[in-house]
Each structure stands twice: as structure tokens, then as C-alpha cells.
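The data block below is upload_31.txt; it holds compact mmCIF, C-alpha atoms.
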```txt
# COMPACT_ATOMS: atom_id res chain seq x y z
CA MET U 1178 25.27 0.51 -2.05
CA HIS U 1179 25.37 -1.60 -5.21
CA PHE U 1180 27.04 -4.45 -3.32
CA LEU U 1181 23.73 -4.96 -1.49
CA ARG U 1182 21.82 -5.79 -4.60
CA PRO U 1183 22.48 -9.56 -4.72
CA ALA U 1184 21.53 -9.84 -1.06
CA VAL U 1185 18.33 -7.86 -1.36
CA PHE U 1186 17.43 -9.57 -4.60
CA VAL U 1187 17.01 -12.93 -2.87
CA LEU U 1188 14.22 -11.47 -0.78
CA PHE U 1189 12.60 -9.09 -3.23
CA LEU U 1190 12.48 -11.66 -6.01
CA LEU U 1191 9.62 -13.23 -4.08
CA PHE U 1192 8.09 -10.08 -2.62
CA VAL U 1193 4.83 -10.12 -4.54
CA SER U 1194 2.00 -11.38 -2.38
CA GLN U 1195 -0.55 -11.25 -5.17
CA ALA U 1196 -0.39 -10.13 -8.78
CA LYS U 1197 -4.05 -9.10 -8.79
CA ALA U 1198 -5.85 -6.29 -7.00
CA TRP U 1199 -9.44 -5.71 -5.92
CA GLY U 1200 -10.65 -9.14 -7.12
CA SER U 1201 -13.26 -8.47 -9.80
CA HIS U 1202 -12.68 -5.03 -11.28
CA SER U 1203 -15.84 -5.30 -13.35
CA ALA U 1204 -18.19 -5.73 -10.39
CA ILE U 1205 -16.72 -2.63 -8.72
CA SER U 1206 -16.61 -0.65 -11.95
CA TYR U 1207 -20.33 -1.15 -12.58
CA ARG U 1208 -20.98 0.78 -9.35
CA ALA U 1209 -18.36 3.43 -10.05
CA PHE U 1210 -19.73 4.32 -13.50
CA GLU U 1211 -23.44 3.52 -13.44
CA LYS U 1212 -24.42 7.10 -12.46
CA MET U 1213 -21.72 8.95 -14.40
CA PRO U 1214 -23.63 10.93 -17.07
CA GLU U 1215 -20.99 10.42 -19.75
CA VAL U 1216 -21.47 6.66 -19.40
CA ALA U 1217 -25.08 6.32 -18.32
CA ASN U 1218 -26.31 8.57 -21.15
CA ALA U 1219 -23.98 7.21 -23.83
CA ALA U 1220 -25.60 5.59 -26.84
CA ALA U 1221 -25.44 1.83 -27.21
CA VAL U 1222 -22.51 0.76 -29.37
CA THR U 1223 -22.15 -1.83 -32.10
CA VAL U 1224 -19.82 -4.73 -31.36
CA GLU U 1225 -16.81 -4.90 -33.65
CA PRO U 1226 -13.97 -7.45 -33.75
CA LEU U 1227 -10.48 -6.17 -33.05
CA GLU U 1228 -9.42 -7.18 -36.54
CA SER U 1229 -11.99 -4.82 -38.10
CA PHE U 1230 -10.73 -1.86 -36.10
CA LEU U 1231 -7.10 -2.63 -36.97
CA ARG U 1232 -7.86 -3.08 -40.66
CA ALA U 1233 -9.76 0.20 -40.90
CA GLU U 1234 -7.31 2.33 -38.94
CA GLU U 1235 -3.88 0.80 -39.38
CA ASN U 1236 -2.31 4.00 -40.73
CA THR U 1237 -3.43 6.06 -37.75
CA ILE U 1238 -2.50 3.20 -35.42
CA GLU U 1239 1.01 3.15 -36.88
CA ALA U 1240 1.43 6.85 -36.05
CA LEU U 1241 -0.12 6.47 -32.59
CA LEU U 1242 2.06 3.55 -31.52
CA ALA U 1243 5.15 5.47 -32.65
CA SER U 1244 4.05 8.42 -30.51
CA GLN U 1245 3.41 6.09 -27.56
CA GLU U 1246 6.96 4.82 -27.76
CA ALA U 1247 8.35 8.36 -27.85
CA TRP U 1248 6.21 9.27 -24.84
CA ALA U 1249 7.38 6.25 -22.86
CA ARG U 1250 11.06 6.99 -23.50
CA SER U 1251 10.56 10.50 -22.15
CA ASN U 1252 8.23 9.80 -19.22
CA ILE U 1253 8.90 6.37 -17.71
CA ASP U 1254 11.86 5.77 -15.43
CA LYS U 1255 13.98 2.74 -16.37
CA TYR U 1256 11.98 2.27 -19.57
CA PRO U 1257 13.52 -0.33 -21.92
CA ALA U 1258 13.09 0.90 -25.48
CA ARG U 1259 10.99 -1.24 -27.75
CA PRO U 1260 13.12 -3.09 -30.32
CA ALA U 1261 12.84 -1.42 -33.72
CA SER U 1262 11.78 -4.73 -35.28
CA LEU U 1263 8.53 -4.64 -33.28
CA ALA U 1264 7.33 -1.25 -34.53
CA PHE U 1265 3.87 -1.42 -36.11
CA SER U 1266 3.83 -0.60 -39.83
CA ALA U 1267 0.72 -0.40 -41.99
CA ASP U 1268 0.44 -3.16 -44.57
CA PRO U 1269 -2.94 -3.54 -46.29
CA ASN U 1270 -1.85 -6.74 -48.03
CA ARG U 1271 -1.30 -8.89 -44.96
CA SER U 1272 -3.89 -11.12 -43.32
CA ASP U 1273 -6.05 -10.04 -40.41
CA GLU U 1274 -4.24 -12.55 -38.21
CA ALA U 1275 -0.81 -11.17 -39.15
CA ARG U 1276 -1.98 -7.59 -38.54
CA ARG U 1277 -3.41 -8.51 -35.15
CA THR U 1278 -0.16 -10.25 -34.11
CA ALA U 1279 1.91 -7.28 -35.25
CA PHE U 1280 -0.31 -4.93 -33.23
CA LEU U 1281 -0.10 -6.97 -30.03
CA MET U 1282 3.66 -7.38 -30.36
CA ALA U 1283 4.12 -3.66 -30.98
CA LEU U 1284 2.28 -3.06 -27.70
CA ARG U 1285 4.45 -5.77 -26.15
CA VAL U 1286 1.53 -7.68 -24.67
CA ALA U 1287 1.19 -11.46 -24.90
CA PRO U 1288 0.37 -12.27 -28.55
CA ASN U 1289 -1.89 -15.15 -27.45
CA SER U 1290 -4.19 -12.68 -25.64
CA LYS U 1291 -7.78 -13.49 -26.56
CA PHE U 1292 -9.49 -10.10 -27.04
CA ALA U 1293 -12.70 -12.11 -27.39
CA LEU U 1294 -16.09 -10.50 -27.89
CA PHE U 1295 -17.53 -10.97 -24.40
CA TRP U 1296 -19.23 -9.27 -21.47
CA GLN U 1297 -19.41 -9.84 -17.74
CA PRO U 1298 -22.70 -9.40 -15.87
CA ASP U 1299 -23.43 -6.76 -13.28
CA PRO U 1300 -23.88 -8.68 -9.99
CA TRP U 1301 -26.93 -6.49 -9.27
CA SER U 1302 -28.70 -7.55 -12.49
CA PRO U 1303 -29.84 -10.96 -13.75
CA ALA U 1304 -27.59 -12.24 -16.54
CA GLN U 1305 -29.04 -13.65 -19.74
CA GLY U 1306 -27.07 -14.77 -22.74
CA THR U 1307 -24.82 -17.44 -24.17
CA PRO U 1308 -22.08 -18.43 -21.71
CA LEU U 1309 -18.52 -18.57 -22.97
CA PRO U 1310 -15.93 -21.05 -21.67
CA HIS U 1311 -13.18 -19.53 -19.57
CA SER U 1312 -10.56 -20.48 -22.17
CA ALA U 1313 -12.30 -18.41 -24.85
CA VAL U 1314 -11.63 -15.20 -22.91
CA ASN U 1315 -8.70 -15.88 -20.59
CA SER U 1316 -5.38 -17.45 -21.54
CA LEU U 1317 -4.65 -18.29 -17.88
CA PRO U 1318 -5.98 -21.46 -16.23
CA GLU U 1319 -9.33 -21.15 -14.50
CA THR U 1320 -9.13 -20.68 -10.75
CA PRO U 1321 -11.25 -23.22 -8.83
CA GLY U 1322 -14.19 -21.42 -7.28
CA GLY U 1323 -13.31 -18.22 -9.14
CA GLY U 1324 -16.95 -17.57 -9.91
CA VAL U 1325 -16.28 -15.55 -13.09
CA THR U 1326 -18.90 -15.92 -15.81
CA PHE U 1327 -18.41 -14.72 -19.36
CA TYR U 1328 -21.13 -14.22 -21.95
CA ALA U 1329 -20.76 -14.06 -25.71
CA LEU U 1330 -21.14 -11.05 -27.95
CA LYS U 1331 -21.06 -11.23 -31.71
CA GLN U 1332 -20.25 -8.75 -34.43
CA GLY U 1333 -23.12 -6.32 -34.98
CA ASP U 1334 -24.70 -6.75 -31.53
CA GLY U 1335 -25.75 -3.64 -29.68
CA VAL U 1336 -24.43 -3.28 -26.14
CA SER U 1337 -24.38 -0.52 -23.55
CA ALA U 1338 -21.28 1.57 -22.96
CA LEU U 1339 -21.37 0.66 -19.26
CA THR U 1340 -21.29 -3.07 -20.02
CA VAL U 1341 -18.33 -2.75 -22.38
CA LEU U 1342 -16.41 -0.43 -20.05
CA ALA U 1343 -16.97 -2.38 -16.82
CA SER U 1344 -16.28 -5.76 -18.42
CA ALA U 1345 -13.01 -4.53 -19.93
CA THR U 1346 -11.66 -3.29 -16.60
CA ASP U 1347 -11.04 -6.95 -15.70
CA GLU U 1348 -9.37 -7.86 -18.98
CA PRO U 1349 -5.69 -7.15 -18.23
CA ASP U 1350 -5.87 -9.97 -15.66
CA PHE U 1351 -6.80 -12.40 -18.44
CA GLY U 1352 -3.24 -12.98 -19.66
CA LEU U 1353 -2.20 -9.75 -21.43
CA ASP U 1354 0.91 -9.27 -19.32
CA ILE U 1355 2.00 -12.87 -18.88
CA ASN U 1356 5.55 -14.09 -19.63
CA LEU U 1357 6.87 -10.86 -21.19
CA TRP U 1358 10.42 -11.15 -19.78
CA GLU U 1359 13.59 -12.51 -21.28
CA ASP U 1360 13.70 -15.20 -18.57
CA SER U 1361 10.05 -16.15 -19.17
CA PRO U 1362 9.19 -19.50 -20.78
CA SER U 1363 7.85 -17.84 -23.93
CA GLU U 1364 9.22 -16.98 -27.34
CA TRP U 1365 7.86 -13.43 -27.20
CA GLY U 1366 9.49 -12.73 -23.85
CA ARG U 1367 12.89 -13.13 -25.47
CA GLN U 1368 11.90 -10.70 -28.24
CA TYR U 1369 10.30 -7.88 -26.27
CA GLY U 1370 13.37 -6.30 -24.70
CA PHE U 1371 11.99 -5.84 -21.19
CA GLY U 1372 14.98 -7.65 -19.69
CA PRO U 1373 14.80 -10.20 -16.86
CA GLN U 1374 11.79 -10.18 -14.56
CA PRO U 1375 12.61 -7.59 -11.86
CA PHE U 1376 10.56 -9.14 -9.04
CA GLY U 1377 7.98 -11.83 -8.49
CA ASN U 1378 8.64 -15.50 -9.07
CA PRO U 1379 9.42 -16.31 -12.74
CA ALA U 1380 8.34 -19.92 -12.11
CA LEU U 1381 4.74 -18.78 -11.53
CA SER U 1382 3.09 -17.56 -14.72
CA TYR U 1383 0.56 -15.24 -13.02
CA SER U 1384 3.41 -13.64 -11.06
CA SER U 1385 5.06 -12.53 -14.29
CA GLN U 1386 2.37 -9.86 -14.77
CA ALA U 1387 3.14 -8.22 -11.41
CA PRO U 1388 5.60 -5.54 -12.63
CA PHE U 1389 2.91 -4.32 -15.06
CA HIS U 1390 0.25 -4.10 -12.34
CA MET U 1391 2.32 -2.87 -9.38
CA ALA U 1392 4.65 0.11 -9.05
CA TYR U 1393 6.69 1.09 -6.03
CA LEU U 1394 7.03 4.80 -6.77
CA HIS U 1395 7.14 6.17 -3.23
CA GLU U 1396 9.48 3.88 -1.29
CA ASN U 1397 12.30 4.70 1.11
CA ARG U 1398 15.43 5.88 -0.70
CA PHE U 1399 17.46 3.14 1.00
CA LEU U 1400 15.32 0.50 -0.70
CA TYR U 1401 15.91 2.12 -4.07
CA ALA U 1402 19.65 2.24 -3.40
CA ALA U 1403 19.73 -1.39 -2.33
CA ALA U 1404 17.34 -2.70 -4.97
CA PRO U 1405 17.12 -0.30 -7.95
CA PHE U 1406 15.37 -2.96 -10.03
CA ILE U 1407 12.11 -2.38 -8.14
CA LYS U 1408 11.78 0.77 -10.24
CA ARG U 1409 11.35 -1.35 -13.36
CA THR U 1410 7.55 -1.30 -13.32
CA PHE U 1411 5.19 -0.47 -16.15
CA PRO U 1412 1.56 0.22 -15.20
CA LEU U 1413 2.11 3.81 -16.38
CA LEU U 1414 3.04 2.45 -19.80
CA ARG U 1415 -0.07 0.29 -20.07
CA SER U 1416 -2.34 3.08 -18.83
CA HIS U 1417 -0.99 5.44 -21.50
CA GLN U 1418 -1.06 2.85 -24.30
CA PHE U 1419 -4.69 1.87 -23.83
CA SER U 1420 -5.98 5.35 -22.97
CA SER U 1421 -4.54 6.82 -26.16
CA LEU U 1422 -5.88 3.88 -28.17
CA SER U 1423 -9.29 4.55 -26.63
CA ALA U 1424 -9.20 8.20 -27.64
CA LEU U 1425 -8.14 7.20 -31.17
CA ALA U 1426 -10.98 4.67 -31.45
CA PHE U 1427 -13.54 7.26 -30.38
CA ARG U 1428 -12.14 9.87 -32.79
CA THR U 1429 -12.22 7.49 -35.75
CA GLY U 1430 -15.76 6.17 -35.26
CA HIS U 1431 -15.16 2.92 -33.37
CA PRO U 1432 -16.99 3.53 -30.06
CA TYR U 1433 -17.03 -0.14 -29.06
CA TRP U 1434 -13.23 -0.12 -28.95
CA GLY U 1435 -13.25 3.36 -27.47
CA TRP U 1436 -15.06 2.05 -24.39
CA ARG U 1437 -13.18 -1.23 -24.34
CA PHE U 1438 -9.70 0.29 -24.54
CA ALA U 1439 -10.79 2.77 -21.88
CA GLY U 1440 -11.66 -0.12 -19.57
CA LEU U 1441 -8.31 -1.77 -20.25
CA SER U 1442 -6.49 1.45 -19.39
CA LEU U 1443 -8.49 1.97 -16.19
CA HIS U 1444 -7.52 -1.46 -14.88
CA TYR U 1445 -3.95 -0.31 -14.26
CA LEU U 1446 -5.07 2.87 -12.51
CA GLN U 1447 -7.46 0.86 -10.34
CA ASP U 1448 -4.65 -1.53 -9.41
CA MET U 1449 -2.60 1.44 -8.28
CA SER U 1450 -5.35 2.54 -5.90
CA GLN U 1451 -4.75 -0.65 -3.87
CA PRO U 1452 -2.13 -0.06 -1.12
CA TYR U 1453 -0.72 -3.57 -1.50
CA HIS U 1454 0.16 -2.72 -5.11
CA VAL U 1455 2.13 0.44 -4.37
CA LYS U 1456 3.93 -0.46 -1.12
CA LEU U 1457 6.52 -3.20 -1.21
CA ALA U 1458 5.65 -4.51 2.24
CA PRO U 1459 2.84 -2.60 4.02
CA GLY U 1460 3.32 -2.59 7.77
CA GLU U 1461 6.99 -3.65 7.66
CA SER U 1462 9.98 -1.35 8.15
CA THR U 1463 12.86 -1.05 5.73
CA LEU U 1464 15.24 -2.20 8.47
CA LYS U 1465 13.20 -5.35 9.04
CA LEU U 1466 13.16 -6.19 5.34
CA LEU U 1467 16.91 -5.79 5.01
CA THR U 1468 17.52 -7.75 8.20
CA ALA U 1469 15.29 -10.61 7.04
CA ASN U 1470 17.16 -10.77 3.78
CA ALA U 1471 20.57 -10.70 5.41
CA LEU U 1472 19.56 -13.64 7.59
CA ALA U 1473 18.18 -15.50 4.58
CA LEU U 1474 21.58 -15.26 2.88
CA THR U 1475 23.12 -17.12 5.79
CA GLY U 1476 20.56 -19.88 5.43
CA ALA U 1477 18.23 -18.61 8.16
CA THR U 1478 15.13 -18.06 6.02
CA GLY U 1479 12.56 -18.12 8.81
CA MET U 1480 12.10 -14.36 9.15
CA LYS U 1481 11.84 -13.88 5.40
CA ASP U 1482 9.29 -16.68 5.01
CA GLU U 1483 7.20 -15.31 7.87
CA ILE U 1484 7.08 -11.83 6.32
CA LEU U 1485 6.05 -13.24 2.94
CA THR U 1486 3.33 -15.40 4.49
CA LEU U 1487 1.84 -12.53 6.49
CA LEU U 1488 1.93 -10.14 3.52
CA SER U 1489 0.12 -12.62 1.31
CA ASN U 1490 -2.45 -13.56 3.94
CA ARG U 1491 -3.30 -9.97 4.84
CA HIS U 1492 -3.65 -8.96 1.20
CA LEU U 1493 -5.98 -11.89 0.52
CA VAL U 1494 -8.04 -11.30 3.67
CA LEU U 1495 -8.58 -7.66 2.70
CA GLU U 1496 -9.68 -8.64 -0.80
CA LYS U 1497 -11.99 -11.37 0.48
CA TYR U 1498 -13.65 -9.11 3.03
CA LEU U 1499 -14.39 -6.51 0.37
CA ALA U 1500 -15.58 -9.10 -2.16
CA GLU U 1501 -17.90 -10.80 0.34
CA SER U 1502 -19.31 -7.45 1.46
CA LEU U 1503 -20.05 -6.36 -2.11
CA GLN U 1504 -21.56 -9.74 -2.96
CA ARG U 1505 -23.80 -9.64 0.12
CA SER U 1506 -25.10 -6.20 -0.89
CA ALA U 1507 -25.72 -7.39 -4.45
CA SER U 1508 -27.54 -10.54 -3.34
CA ALA U 1509 -29.78 -8.58 -0.96
CA ARG U 1510 -30.17 -5.66 -3.38
CA GLN U 1511 -29.33 -3.41 -0.44
CA GLU U 1512 -26.78 -0.68 -0.99
CA ALA U 1513 -24.15 -0.33 1.73
CA ALA U 1514 -21.30 2.08 2.47
CA PHE U 1515 -18.92 0.66 -0.16
CA GLU U 1516 -21.41 1.10 -3.00
CA LYS U 1517 -22.23 4.64 -1.91
CA ALA U 1518 -18.54 5.49 -1.78
CA LEU U 1519 -17.93 4.08 -5.27
CA ARG U 1520 -20.65 6.32 -6.74
CA ASP U 1521 -19.73 9.46 -4.79
CA ALA U 1522 -19.10 11.84 -7.68
CA ASP U 1523 -18.72 14.78 -5.30
CA LYS U 1524 -15.27 13.41 -4.50
CA ASP U 1525 -14.11 13.71 -8.12
CA LYS U 1526 -13.49 17.43 -7.90
CA ASN U 1527 -11.18 17.02 -4.91
CA TYR U 1528 -8.44 15.95 -7.30
CA PRO U 1529 -6.62 17.73 -10.14
CA GLU U 1530 -7.64 17.28 -13.74
CA TRP U 1531 -6.33 14.17 -15.43
CA SER U 1532 -2.79 14.41 -16.82
CA ASP U 1533 0.16 12.15 -17.55
CA ARG U 1534 1.30 12.69 -13.94
CA TYR U 1535 -2.03 11.80 -12.29
CA LEU U 1536 -1.34 8.09 -11.89
CA ARG U 1537 2.03 8.69 -10.23
CA ASP U 1538 1.41 11.89 -8.28
CA VAL U 1539 -2.20 11.37 -7.19
CA VAL U 1540 -3.31 7.73 -7.29
CA SER U 1541 -0.08 6.00 -6.29
CA ALA U 1542 0.99 8.64 -3.77
CA GLN U 1543 -2.39 8.53 -2.03
CA ALA U 1544 -2.58 4.73 -1.80
CA SER U 1545 0.99 4.55 -0.54
CA LYS U 1546 0.16 6.86 2.38
CA GLN U 1547 -3.02 4.96 3.21
CA ALA U 1548 -1.14 1.69 3.76
CA ALA U 1549 0.11 2.88 7.15
CA ASN U 1550 -3.41 3.08 8.62
CA LEU U 1551 -4.82 0.10 6.76
CA VAL U 1552 -2.57 -2.63 8.18
CA PRO U 1553 -3.07 -2.08 11.94
CA THR U 1554 -6.82 -1.64 11.43
CA LEU U 1555 -7.02 -4.88 9.46
CA LEU U 1556 -5.12 -6.71 12.20
CA ALA U 1557 -7.45 -5.39 14.88
CA VAL U 1558 -10.56 -6.68 13.09
CA MET U 1559 -9.73 -9.98 11.44
CA PRO U 1560 -9.32 -13.33 13.19
CA GLY U 1561 -5.73 -13.59 14.35
CA ALA U 1562 -5.23 -16.96 12.67
CA TYR U 1563 -5.73 -15.34 9.26
CA VAL U 1564 -3.54 -12.26 9.65
CA ASN U 1565 -0.98 -13.11 12.36
CA ASP U 1566 -0.36 -16.86 12.05
CA LYS U 1567 2.97 -17.23 10.28
CA THR U 1568 2.32 -20.92 9.56
CA LEU U 1569 -1.08 -20.51 7.86
CA ASP U 1570 -1.46 -20.26 4.09
CA PHE U 1571 -4.74 -18.37 3.79
CA GLY U 1572 -4.85 -18.76 0.03
CA SER U 1573 -5.04 -22.54 0.23
CA ARG U 1574 -8.06 -22.33 2.56
CA GLU U 1575 -9.77 -19.23 1.21
CA ALA U 1576 -12.49 -21.03 -0.76
CA ASN U 1577 -13.83 -22.62 2.43
CA ILE U 1578 -13.75 -19.49 4.59
CA ASP U 1579 -16.75 -17.20 5.11
CA LEU U 1580 -15.23 -14.10 6.66
CA LEU U 1581 -18.47 -12.19 7.13
CA ASN U 1582 -20.02 -15.13 8.91
CA GLU U 1583 -17.03 -15.48 11.21
CA LEU U 1584 -17.02 -11.80 12.05
CA GLY U 1585 -20.74 -11.90 12.74
CA LYS U 1586 -23.01 -8.90 13.00
CA LYS U 1587 -21.22 -7.19 15.85
CA GLU U 1588 -20.09 -3.74 14.76
CA SER U 1589 -17.00 -3.07 16.86
CA PRO U 1590 -15.25 0.31 16.71
CA GLU U 1591 -12.32 -1.40 14.97
CA ARG U 1592 -14.56 -2.87 12.29
CA GLN U 1593 -16.21 0.49 11.78
CA ARG U 1594 -12.75 1.98 11.24
CA LEU U 1595 -11.89 -0.75 8.73
CA ASP U 1596 -15.14 -0.17 6.84
CA ALA U 1597 -14.43 3.57 6.85
CA LEU U 1598 -10.94 2.98 5.44
CA LEU U 1599 -12.27 0.63 2.76
CA SER U 1600 -15.01 3.10 1.92
CA GLU U 1601 -12.34 5.74 1.46
CA LEU U 1602 -10.39 3.41 -0.82
CA MET U 1603 -13.54 2.64 -2.82
CA GLY U 1604 -14.27 6.35 -3.06
CA ASN U 1605 -10.78 6.89 -4.44
CA PHE U 1606 -11.25 3.97 -6.86
CA GLY U 1607 -14.42 5.55 -8.23
CA ALA U 1608 -13.22 9.15 -8.35
CA HIS U 1609 -9.89 8.37 -10.01
CA SER U 1610 -11.55 6.05 -12.53
CA ARG U 1611 -14.06 8.72 -13.53
CA ASN U 1612 -11.44 11.45 -13.72
CA ALA U 1613 -9.28 9.27 -15.95
CA LEU U 1614 -12.26 8.48 -18.20
CA ARG U 1615 -13.03 12.20 -18.51
CA GLY U 1616 -9.44 12.71 -19.62
CA ILE U 1617 -9.83 10.02 -22.28
CA LEU U 1618 -13.09 11.51 -23.52
CA ARG U 1619 -11.54 14.98 -23.74
CA ALA U 1620 -8.65 13.57 -25.75
CA SER U 1621 -11.12 11.82 -28.07
CA THR U 1622 -12.62 15.10 -29.23
CA PRO U 1623 -11.05 16.18 -32.54
CA PRO U 1624 -9.26 19.54 -32.29
```
Do you think you could lay out the structure here as C-alpha cells?
Amino acid sequence: MHFLRPAVFVLFLLFVSQAKAWGSHSAISYRAFEKMPEVANAAAVTVEPLESFLRAEENTIEALLASQEAWARSNIDKYPARPASLAFSADPNRSDEARRTAFLMALRVAPNSKFALFWQPDPWSPAQGTPLPHSAVNSLPETPGGGVTFYALKQGDGVSALTVLASATDEPDFGLDINLWEDSPSEWGRQYGFGPQPFGNPALSYSSQAPFHMAYLHENRFLYAAAPFIKRTFPLLRSHQFSSLSALAFRTGHPYWGWRFAGLSLHYLQDMSQPYHVKLAPGESTLKLLTANALALTGATGMKDEILTLLSNRHLVLEKYLAESLQRSASARQEAAFEKALRDADKDKNYPEWSDRYLRDVVSAQASKQAANLVPTLLAVMPGAYVNDKTLDFGSREANIDLLNELGKKESPERQRLDALLSELMGNFGAHSRNALRGILRASTPP
């Protein structure tokens, strides 16, 4: 089947409808964690710059990052070993800036990542503080109409665990995983050893993060045979790196970074609870994908372009519907089904205890199965122009579309089914996030 790879590659290179999932992770995470006793009852923490944590703990960090690399080589399929030159070594004589760069490069994240001292407001609470410019927190360009507001923290401030945790769940979308490939337009991409970008469009910077935020772990075996490179995905790596850093920070008396690294780790798990991040093409058959690609190789790209357009539009429509619904509840201060589902701690015990296999065997497997019901329900509810028009680019018009207004107040059986499915997804988001955090907190307790 290897002869199929060049043919399939033409199609799959572009098969990433969006590199982000769930819109604002922080807004959803506030609801998921606000009633969790381990978070709600946690003491306020003192803000600490990353450089202070690294300076104080660089010997233990050296050992931890070495153990992370050993774990990845044993547990991640298609894992490209980290070049020996990037290993983190303690050196008390170097500058804070040099130590920080060495740490970020040992993790193989973008070395220009900000790791600013910031927080994001809970949409249910009035925000007060000193606003930060987008560029102080995010290395990616600001999206017009993005509506993200950052506020400044400074060393020594006291801040709640919930604020640190929820704010950090958005942070991996702020440039950490950008241009890490050997064909990326960055110096570090050529040093990191991840190889060429396996899918997504290398010409689009935000697309370069996709293989760190998506993982196709439960696809048809024919797709794996035809396109083995789709297995080169690394959210499991990032989840493990930041969760073990979180446990280390808690154990060594740095609770601010304990909560913050926990939030970073949870981002990747939360991405994997989104069906569009674990299924290559929800709603489309393997045969159709291969047929579209075969036609594209002959110059007939129409079928391929139509599939890509519909995938992108449906993903964006789903995200927008959820975001508008959550924002409407927050503005009215009236809890609805999605908020209740996010806080439903009774669901937590329906899943096994957190382990290294949880992200693959529980979160990803569940979301992959849910894609089959999600797509037809979405199509039955949303205006046909947004989810079935192969000539419409929803993303270019999204800022001027009010989905809730267009759908009106009529509660059709189809819309009730969509809300039930989204409530189930939000329940999974909350339960898996809390179970993962419990695992981190258990690991943070000294033996």
C-alpha cells in the first residue's frame, strides 16, 4: 500500500479544518472547575515568573525532562527522539534568559513563547485590572473580533487557583506549538528533529500546531496503510510534559506553576474531547476520501475542495453555536444545559482513574465514536447555507453571523438532540479535565 502515499498525501496535507478546538478553553474551564473542591478550596497562590521557578529547580527539572524523553520513546507511536544537543542541563552560572531558552528548547516548544504573567476573566464575573496587549501574551497575530482580553499579573500578586488554572488552559493556542517542523520557516524547526510537517498547510503558521493538538488514533486501518504519516501526532507528548512539570512544581513549593502547568496540560486533553480533532473527516467515508484524492491527482480537484470546505464550515458552525450559547448564558447570568453538564461531577466516576493511557483509550476513543451522531444532527439543525453549501466560506463571514438569532427560539426535536449531544460533549470535557487534574494532584504528593 505504500505506493498510495503520494496520492493520499496531496489530500491529507490540507485536511485540517481548524487547528483550534472549543474556542475559548478558559471560559469553559471556569465552569468545569469552579465547584471542584480541590480547586475551589485551594489557597490563593503567589505569582512567580517562569525564570524564578527554573532557577530554583533546575537540577530537578534536568532529571524530569530526561525522564519525560524516556517515557515518550517508550509510549508514543512514531515518536522522533529529541536531539541530544537539546537536553536540559543544570548550569547555575548562565543567565535567566539562557536558562529559559534552554528549557523551552528541551521541551521542543517555540522558544519565542511568551509565558507572560497574565489572567483571563471569567465571563460570568466583572473583570477589573490592567489590560495587557495581545502581543504581550500571544506570539500569533490577533484575530479580528477575537474578543480575548488579557489582564496583567505581577510577581508577588496573590491569585486564585481557579483563575490560574482556567486561564492557562487557553495558553497552548498562544504560539507554543508554532513552526516546530523542519519545513517550517523557523530556525528552531530545523533543530527540533520532528521531521516535516505531517499534515496541515505549512504555509499557514497556525496550521503548524495542528499535529500537536489533533490525533487520529482510531481511524480505519486502510487510512493508516495509505497515509501512515497521520500517526505522527503529539498531544500525548504535550499532555505528559506539562502534567509532570505541574506535579514537580507542586512538590517543590511552586503552586503558581503547579496550577499553570496543569492548565497547559489540560488543554491538549480538552482538544481531544472534540470530535473534529480526533476524526480525520467526520461524516465522510474512507472510500470517498480516497476517491476525492485520486480525482485530485488527475487535476479534478472539485470533490476534494468541496469536502475540505464542508469540513471547515461544519467545524466552525459547531464552535460558534457553542460559544454563542455560553456567552448568552453568561450575559444573562442564567445557567443552561451546557453549564450544568460542565459541572456535573457525578459523571467523573463513570471513567477509570487517570493513567498514561487515559487520553488515548478514554478521551480520544469516546470522541471518535461520538462524531458519527454529531454530524447528521448538526446538518439537521443549522441553516443549509452554512453546513451544506460547498461554495460558502463560513470562516470569512463568521464575524457577521448571529447563529442563535437565525435559529430563533423554536426548540425543534433536532435542535434538542444537538443540544443533548453538545451537553454530553461538555460533560465529557468537564469530567475528563477533573479526572486528569486529580491524577496530577496525586502525582504531586511526595512519596
May I ask which of the residues U:Pro1362, U:Gly1604, U:Gly1372, U:Pro1560 is the closest one to Asp1525 of chain U, counting all atoms listed in the file?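 Of U:Pro1362, U:Gly1604, U:Gly1372, U:Pro1560, the one nearest Asp1525 of chain U, counting all atoms listed in the file, is U:Gly1604.
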Within 9 Å of (-23.8, -15.7, -11.4), all atoms listed in the file: residues as a list in words?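 In the file's frame, the residues around the point are Pro1298, Pro1300, Pro1303, Ala1304, Gly1324, Val1325 and Thr1326 of chain U.
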How many Å separate atom CA of Arg1510 of chain U from atom CA of Ser1302 of chain U?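 Going from atom CA of Arg1510 of chain U over to atom CA of Ser1302 of chain U covers 9.4 Å.
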Surrounding residues of segment 1609-1617 of chain U excluding itself and chain neighbours under 6 positions, 8 Å, all atoms listed in the file, as number ranges by chain: U: 1209-1210, 1213, 1420-1421, 1423-1424, 1439, 1443, 1446-1447, 1525, 1530-1532, 1540
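Here the question is which of U:Thr1429, U:Asn1577, U:Ser1272, U:Ser1361 gets nearest to Glu1234 of chain U using only C-alpha atoms, and that residue is U:Thr1429.
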What does the distance from atom CA of Asp1596 of chain U to atom CA of Leu1555 of chain U come to in Å, to one decimal? 9.7 Å
Given all atoms listed in the file as the basis, pick out the residue of U:Leu1495, U:Leu1602, U:Leu1503, U:Ala1514 nearest to Tyr1563 of chain U.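 Nearest to Tyr1563 of chain U: U:Leu1495.
The smallest atom-to-atom distance between Asn1550 of chain U and any of U:Glu1601, U:Glu1228, U:Glu1364, U:Glu1501, using only C-alpha atoms, is found for U:Glu1601.
Excluding segment 1248-1264 of chain U itself and any same-chain residue fewer than 6 positions from it, the protein and nucleic acid residues within 6 Å of it, counting all atoms listed in the file, are Ala1283, Phe1371 and Arg1409 of chain U.
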Quick check, in Å to one decimal: how far apart do atom CA of Gln1418 of chain U and atom CA of Ala1293 of chain U lie? 19.2 Å
Test item: residues at most 7 Å from Leu1342 of chain U, only C-alpha atoms, excluding those fewer than 3 positions along its chain, as a list in words: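 With the cut-off at 7 Å, the set is Ala1338, Leu1339, Ala1345, Thr1346, Trp1436, Arg1437, Ala1439 and Gly1440 of chain U.
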Residue neighbourhood Glu1483 of chain U, 8 Å, all atoms listed in the file, exclusion window fewer than 4 positions, as a ChimeraX atom specification: /U:1479,1487,1567-1568
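Within the 8 Å cut-off around segment 1266-1270 of chain U, using all atoms listed in the file and omitting residues fewer than 3 positions from it on the same chain, the listed residues are Arg1232, Glu1235, Asn1236, Glu1239 and Arg1276 of chain U.
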Return the single residue from U:Ala1549, U:Ala1243, U:Leu1413, U:Ala1343 that is closest to Ala1217 of chain U, with distances computed using only C-alpha atoms.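 Between U:Ala1549, U:Ala1243, U:Leu1413, U:Ala1343, the residue approaching Ala1217 of chain U most closely is U:Ala1343.
Comparing the minimum interatomic distances between Leu1441 of chain U and each of U:Ile1205, U:Leu1467, U:Leu1422, U:Leu1595, counting all atoms listed in the file, we find that U:Leu1422 sits nearest.
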So which residues are close to (6.2, -14.8, -28.2), meaning at most 10 Å away in the file's coordinates with all atoms listed in the file counted, and can you show them as a PyMOL selection string? chain U and resi 1278+1282+1285-1289+1356-1357+1361-1369
